[in-house]
Each structure stands twice: as structure tokens, then as C-alpha cells.
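The structure under discussion appears below in the form of C-alpha cells.
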Amino acid sequence: MELAELLKDHLTALVGQSGVGKSSIINVLDNTIVLKTGSLSQKYGRGCHTTTKGALMHIKIDEALTGGLREVTANIIDTPGVRRFLLHDISAENLTLYFREFVPFLGKCTYGMSCSHQTEKGCAIQQAVQEEHISPLRYESWKRMSEEIRTGSWED
């Protein structure tokens, strides 16, 4: 219901990596729309390009997602997926600043701003993950992105 409220009467572009569910979200929001969706590549474990061109759709959001309100509409652009986003001019040390749910915990680690938030005891971010103030999925995403920045592994 929160997503439906955010989309209501707005123009929204769904952008993200291949296989994350952009078209699937539209299929759920408006059950009269049946966009083609794919599964993850078994070889690479990532999304396959199913949507091949951007499309603007005027959708009627399913009443079950609007708390029973009828005729709730949104304009959504379904875009083709991308393989990866490159983070230019962001250091691994500063990446935490771009994860807004991390910000309240920064500097509160035993090692202050020198904490890597990976293995140190007394890490406020790791504790926030354990206490579910930070989603484990977001923390894993941050760790993966941080590693890519440190090693340059996005440069295939």
C-alpha cells in the first residue's frame, strides 16, 4: 500500500539492474497488465535483459493495494535493465554516507570513523544490522559495493 501511495498520480521511472523485478512490480500493481519477465541467468546468476526498450504506461493500481480506493492511477516508465552502476568519485570509505540508514550510526563505533564496519568488535553499524535498524540486505549491498570500489572489480 505504501508503494501505491507513492506512485499515485505521479510519473515514475523504474530503473535498476536486469532481473530485479521492475516489470514484475508493474504486473502486480495493475493486474490487467502482463509484461514479459524473465528469470536469472543460471550461468551468471544475474538478470537477463527481458525489457528491451522503455515504455510509458498509464496504469490503474489494483484496489487491493490502495486500501479499497478505486481508480487510483499512476504513470510508470518501465526501463530496460542495466548490468551495473559505476560509482565515480566515491571512495570505499565514504560509501557509507550514501546509505542514509547508516548515517545515524557513523562515528559511534569503538574505532570511530576508522571502523571498516566489517569485522571490528564494537561496530555500531554491525550492531544496527543485528538489531534490525539496518536491513541485512542493504548491509550486504553496501559490503559488495565497497569491495568493488576497493578492488576495482567492476572494471571487467
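Ligands are numbered from 1 in the order shown, residues from 1 within each chain, and chains are lettered A, B, ... in the order they appear in the C-alpha cells.
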Close residues, Leu14 in chain A itself excluded, 7 Å, only C-alpha atoms, min 6 positions apart in chain, as number ranges by chain: A: 22, 77-79
Dump all heavy atoms for the selected residues as a PDB file, in the first residue's frame?
```
ATOM      1  N   LYS A  22      11.588  -4.977 -12.022  1.00  0.00           N
ATOM      2  CA  LYS A  22      10.912  -3.745 -12.431  1.00  0.00           C
ATOM      3  C   LYS A  22       9.591  -4.052 -13.138  1.00  0.00           C
ATOM      4  O   LYS A  22       8.547  -3.516 -12.769  1.00  0.00           O
ATOM      5  CB  LYS A  22      11.825  -2.904 -13.327  1.00  0.00           C
ATOM      6  CG  LYS A  22      13.108  -2.450 -12.635  1.00  0.00           C
ATOM      7  CD  LYS A  22      14.034  -1.678 -13.545  1.00  0.00           C
ATOM      8  CE  LYS A  22      14.576  -2.487 -14.698  1.00  0.00           C
ATOM      9  NZ  LYS A  22      15.447  -3.617 -14.326  1.00  0.00           N
ATOM     10  N   ILE A  77       7.225   4.452 -16.172  1.00  0.00           N
ATOM     11  CA  ILE A  77       8.090   4.112 -17.293  1.00  0.00           C
ATOM     12  C   ILE A  77       8.875   2.871 -16.885  1.00  0.00           C
ATOM     13  O   ILE A  77       9.620   2.895 -15.906  1.00  0.00           O
ATOM     14  CB  ILE A  77       9.058   5.251 -17.645  1.00  0.00           C
ATOM     15  CG1 ILE A  77       8.272   6.524 -17.982  1.00  0.00           C
ATOM     16  CG2 ILE A  77       9.985   4.839 -18.786  1.00  0.00           C
ATOM     17  CD1 ILE A  77       9.144   7.765 -18.097  1.00  0.00           C
ATOM     18  N   ASP A  78       8.669   1.793 -17.620  1.00  0.00           N
ATOM     19  CA  ASP A  78       9.442   0.564 -17.407  1.00  0.00           C
ATOM     20  C   ASP A  78      10.668   0.668 -18.308  1.00  0.00           C
ATOM     21  O   ASP A  78      10.543   0.868 -19.513  1.00  0.00           O
ATOM     22  CB  ASP A  78       8.602  -0.659 -17.784  1.00  0.00           C
ATOM     23  CG  ASP A  78       9.250  -1.967 -17.387  1.00  0.00           C
ATOM     24  OD1 ASP A  78      10.136  -1.954 -16.515  1.00  0.00           O
ATOM     25  OD2 ASP A  78       8.853  -3.012 -17.938  1.00  0.00           O
ATOM     26  N   THR A  79      11.840   0.585 -17.722  1.00  0.00           N
ATOM     27  CA  THR A  79      13.069   0.756 -18.493  1.00  0.00           C
ATOM     28  C   THR A  79      13.823  -0.562 -18.600  1.00  0.00           C
ATOM     29  O   THR A  79      13.677  -1.431 -17.735  1.00  0.00           O
ATOM     30  CB  THR A  79      14.003   1.794 -17.830  1.00  0.00           C
ATOM     31  OG1 THR A  79      14.402   1.308 -16.550  1.00  0.00           O
ATOM     32  CG2 THR A  79      13.314   3.138 -17.676  1.00  0.00           C
TER      33      THR A  79
END
```
Every residue of range 47-111 of chain A that DSSP places in helix (DSSP H, G or I), as a ChimeraX atom specification: /A:63-65,95-98,103-105
Selected residues written out, all heavy atoms, as an mmCIF file, in the first residue's frame:
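Saved file out-v4.cif follows:
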```cif
data_model
loop_
_atom_site.group_PDB
_atom_site.id
_atom_site.type_symbol
_atom_site.label_atom_id
_atom_site.label_comp_id
_atom_site.auth_asym_id
_atom_site.auth_seq_id
_atom_site.Cartn_x
_atom_site.Cartn_y
_atom_site.Cartn_z
ATOM 1 N N GLU A 63 -7.043 -2.314 -6.617
ATOM 2 C CA GLU A 63 -7.720 -1.850 -5.400
ATOM 3 C C GLU A 63 -7.179 -2.513 -4.133
ATOM 4 O O GLU A 63 -7.172 -1.908 -3.059
ATOM 5 C CB GLU A 63 -9.222 -2.128 -5.495
ATOM 6 C CG GLU A 63 -9.941 -1.264 -6.478
ATOM 7 C CD GLU A 63 -11.411 -1.622 -6.588
ATOM 8 O OE1 GLU A 63 -12.007 -2.050 -5.577
ATOM 9 O OE2 GLU A 63 -11.964 -1.466 -7.697
ATOM 10 N N ALA A 64 -6.722 -3.744 -4.252
ATOM 11 C CA ALA A 64 -6.189 -4.446 -3.082
ATOM 12 C C ALA A 64 -4.932 -3.758 -2.548
ATOM 13 O O ALA A 64 -4.568 -3.933 -1.385
ATOM 14 C CB ALA A 64 -5.873 -5.899 -3.440
ATOM 15 N N LEU A 65 -4.279 -2.955 -3.383
ATOM 16 C CA LEU A 65 -3.056 -2.266 -2.978
ATOM 17 C C LEU A 65 -3.304 -0.821 -2.562
ATOM 18 O O LEU A 65 -2.377 -0.128 -2.158
ATOM 19 C CB LEU A 65 -2.043 -2.291 -4.128
ATOM 20 C CG LEU A 65 -1.647 -3.678 -4.633
ATOM 21 C CD1 LEU A 65 -0.782 -3.563 -5.869
ATOM 22 C CD2 LEU A 65 -0.940 -4.452 -3.536
ATOM 23 N N LEU A 95 31.503 5.616 1.130
ATOM 24 C CA LEU A 95 30.292 4.965 0.624
ATOM 25 C C LEU A 95 29.186 4.929 1.673
ATOM 26 O O LEU A 95 28.014 5.075 1.337
ATOM 27 C CB LEU A 95 30.620 3.542 0.135
ATOM 28 C CG LEU A 95 29.458 2.762 -0.462
ATOM 29 C CD1 LEU A 95 28.924 3.451 -1.720
ATOM 30 C CD2 LEU A 95 29.906 1.335 -0.787
ATOM 31 N N THR A 96 29.542 4.777 2.944
ATOM 32 C CA THR A 96 28.519 4.716 3.996
ATOM 33 C C THR A 96 27.667 5.991 4.027
ATOM 34 O O THR A 96 26.496 5.930 4.404
ATOM 35 C CB THR A 96 29.153 4.501 5.385
ATOM 36 O OG1 THR A 96 30.165 5.482 5.580
ATOM 37 C CG2 THR A 96 29.720 3.112 5.536
ATOM 38 N N LEU A 97 28.232 7.108 3.618
ATOM 39 C CA LEU A 97 27.485 8.366 3.623
ATOM 40 C C LEU A 97 26.312 8.347 2.641
ATOM 41 O O LEU A 97 25.381 9.143 2.766
ATOM 42 C CB LEU A 97 28.418 9.526 3.282
ATOM 43 C CG LEU A 97 29.572 9.756 4.259
ATOM 44 C CD1 LEU A 97 30.533 10.799 3.702
ATOM 45 C CD2 LEU A 97 29.053 10.150 5.629
ATOM 46 N N TYR A 98 26.375 7.450 1.661
ATOM 47 C CA TYR A 98 25.331 7.355 0.640
ATOM 48 C C TYR A 98 24.251 6.342 1.007
ATOM 49 O O TYR A 98 23.292 6.163 0.253
ATOM 50 C CB TYR A 98 25.956 7.022 -0.720
ATOM 51 C CG TYR A 98 26.838 8.146 -1.215
ATOM 52 C CD1 TYR A 98 28.182 8.207 -0.860
ATOM 53 C CD2 TYR A 98 26.314 9.170 -1.992
ATOM 54 C CE1 TYR A 98 28.987 9.253 -1.291
ATOM 55 C CE2 TYR A 98 27.111 10.221 -2.429
ATOM 56 C CZ TYR A 98 28.448 10.251 -2.065
ATOM 57 O OH TYR A 98 29.238 11.289 -2.487
ATOM 58 N N VAL A 103 23.896 6.531 8.328
ATOM 59 C CA VAL A 103 24.401 7.826 8.799
ATOM 60 C C VAL A 103 24.245 8.028 10.311
ATOM 61 O O VAL A 103 25.185 8.474 10.968
ATOM 62 C CB VAL A 103 23.790 8.982 7.982
ATOM 63 C CG1 VAL A 103 24.145 10.338 8.559
ATOM 64 C CG2 VAL A 103 24.249 8.884 6.524
ATOM 65 N N PRO A 104 23.102 7.697 10.931
ATOM 66 C CA PRO A 104 22.988 7.924 12.378
ATOM 67 C C PRO A 104 23.996 7.129 13.214
ATOM 68 O O PRO A 104 24.245 7.479 14.370
ATOM 69 C CB PRO A 104 21.560 7.466 12.700
ATOM 70 C CG PRO A 104 20.827 7.490 11.415
ATOM 71 C CD PRO A 104 21.851 7.207 10.353
ATOM 72 N N PHE A 105 24.581 6.092 12.646
ATOM 73 C CA PHE A 105 25.497 5.235 13.395
ATOM 74 C C PHE A 105 26.966 5.542 13.124
ATOM 75 O O PHE A 105 27.843 5.016 13.799
ATOM 76 C CB PHE A 105 25.198 3.759 13.072
ATOM 77 C CG PHE A 105 23.760 3.408 13.336
ATOM 78 C CD1 PHE A 105 22.848 3.336 12.297
ATOM 79 C CD2 PHE A 105 23.312 3.191 14.630
ATOM 80 C CE1 PHE A 105 21.508 3.043 12.532
ATOM 81 C CE2 PHE A 105 21.981 2.899 14.879
ATOM 82 C CZ PHE A 105 21.075 2.825 13.827
#
```
What parts of range 9-139 of chain A does DSSP call strand (DSSP E)? I'd like the answer as a short mmCIF file (atom, residue, chain, number, x, y, z; two decimals) with N, CA and C atoms, in the first residue's frame.
```cif
data_model
loop_
_atom_site.label_atom_id
_atom_site.label_comp_id
_atom_site.auth_asym_id
_atom_site.auth_seq_id
_atom_site.Cartn_x
_atom_site.Cartn_y
_atom_site.Cartn_z
N LEU A 11 4.47 10.56 -12.17
CA LEU A 11 5.22 9.92 -13.25
C LEU A 11 6.48 9.35 -12.62
N THR A 12 6.68 8.04 -12.75
CA THR A 12 7.79 7.35 -12.11
C THR A 12 8.51 6.49 -13.13
N ALA A 13 9.83 6.54 -13.11
CA ALA A 13 10.63 5.65 -13.95
C ALA A 13 11.24 4.58 -13.06
N LEU A 14 11.03 3.32 -13.42
CA LEU A 14 11.65 2.22 -12.69
C LEU A 14 12.98 1.92 -13.36
N ALA A 55 9.13 2.00 -21.87
CA ALA A 55 7.73 2.18 -22.25
C ALA A 55 6.99 2.92 -21.14
N LEU A 56 6.26 3.97 -21.54
CA LEU A 56 5.42 4.72 -20.60
C LEU A 56 4.05 4.06 -20.55
N MET A 57 3.62 3.75 -19.34
CA MET A 57 2.32 3.11 -19.16
C MET A 57 1.47 3.91 -18.17
N HIS A 58 0.22 4.10 -18.53
CA HIS A 58 -0.75 4.70 -17.61
C HIS A 58 -1.45 3.51 -16.96
N ILE A 59 -1.20 3.31 -15.67
CA ILE A 59 -1.77 2.12 -15.02
C ILE A 59 -2.84 2.50 -14.00
N LYS A 60 -3.74 1.55 -13.81
CA LYS A 60 -4.75 1.66 -12.76
C LYS A 60 -4.30 0.69 -11.66
N THR A 73 -4.54 5.93 -10.11
CA THR A 73 -3.71 5.77 -11.31
C THR A 73 -2.28 6.26 -11.07
N ALA A 74 -1.42 5.80 -11.95
CA ALA A 74 -0.02 6.23 -11.94
C ALA A 74 0.52 6.11 -13.35
N ASN A 75 1.51 6.90 -13.65
CA ASN A 75 2.22 6.80 -14.92
C ASN A 75 3.61 6.25 -14.61
N ILE A 76 3.91 5.11 -15.21
CA ILE A 76 5.18 4.45 -14.91
C ILE A 76 5.93 4.17 -16.20
N ILE A 77 7.22 4.45 -16.17
CA ILE A 77 8.09 4.11 -17.29
C ILE A 77 8.87 2.87 -16.89
N ASP A 78 8.67 1.79 -17.62
CA ASP A 78 9.44 0.56 -17.41
C ASP A 78 10.67 0.67 -18.31
#
```
Distance criterion (only C-alpha atoms): nearest to Gly16 in chain A out of A:Thr151, A:Glu120, A:Arg138, A:Gly81: A:Gly81
Close residues, range 140-146 of chain A itself excluded, 9 Å, only C-alpha atoms, min 5 positions apart in chain, as a list in words: Leu87, Ser91, Ala92, Glu93, Leu95, Thr96, Phe99, His117, Gln118, Ser135 and Thr151 of chain A
How would the residues just chosen look if you wrote them out with C-alpha atoms as a PDB file, in the first residue's frame?
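Wrote again.pdb, looks like this:
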```pdb
ATOM      1  CA  LEU A  87      30.244   4.844  -8.718  1.00  0.00           C
ATOM      2  CA  SER A  91      35.705   6.230  -2.111  1.00  0.00           C
ATOM      3  CA  ALA A  92      35.037   2.995  -0.233  1.00  0.00           C
ATOM      4  CA  GLU A  93      35.496   4.981   2.997  1.00  0.00           C
ATOM      5  CA  LEU A  95      30.292   4.965   0.624  1.00  0.00           C
ATOM      6  CA  THR A  96      28.519   4.716   3.996  1.00  0.00           C
ATOM      7  CA  PHE A  99      23.382   4.789   2.668  1.00  0.00           C
ATOM      8  CA  HIS A 117      32.206  -1.924   9.501  1.00  0.00           C
ATOM      9  CA  GLN A 118      33.261  -5.431   8.505  1.00  0.00           C
ATOM     10  CA  SER A 135      18.317  -4.165   6.681  1.00  0.00           C
ATOM     11  CA  THR A 151      39.315  -3.798  -5.795  1.00  0.00           C
TER      12      THR A 151
END
```
Nearest-residue call for Lys36 in chain A, choices A:Val72, A:Leu6, A:Pro80, A:Gly112, using only C-alpha atoms: A:Pro80
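The coordinates place CA of Ser18 in chain A at 24.7 Å from CA of Ile134 in chain A.
If you look at CA of Thr66 in chain A and CA of Glu5 in chain A, they are 7.2 Å away from each other.
For the set A:Val28, A:Val15, A:Ile149, A:Ala4, the residue with the smallest atom-to-atom gap to Asp89 in chain A is A:Ile149, counting only C-alpha atoms.
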Shell around Gly122 in chain A at 9 Å using only C-alpha atoms, local window under 2 positions removed, as a ChimeraX atom specification: /A:108-111,120,124-127
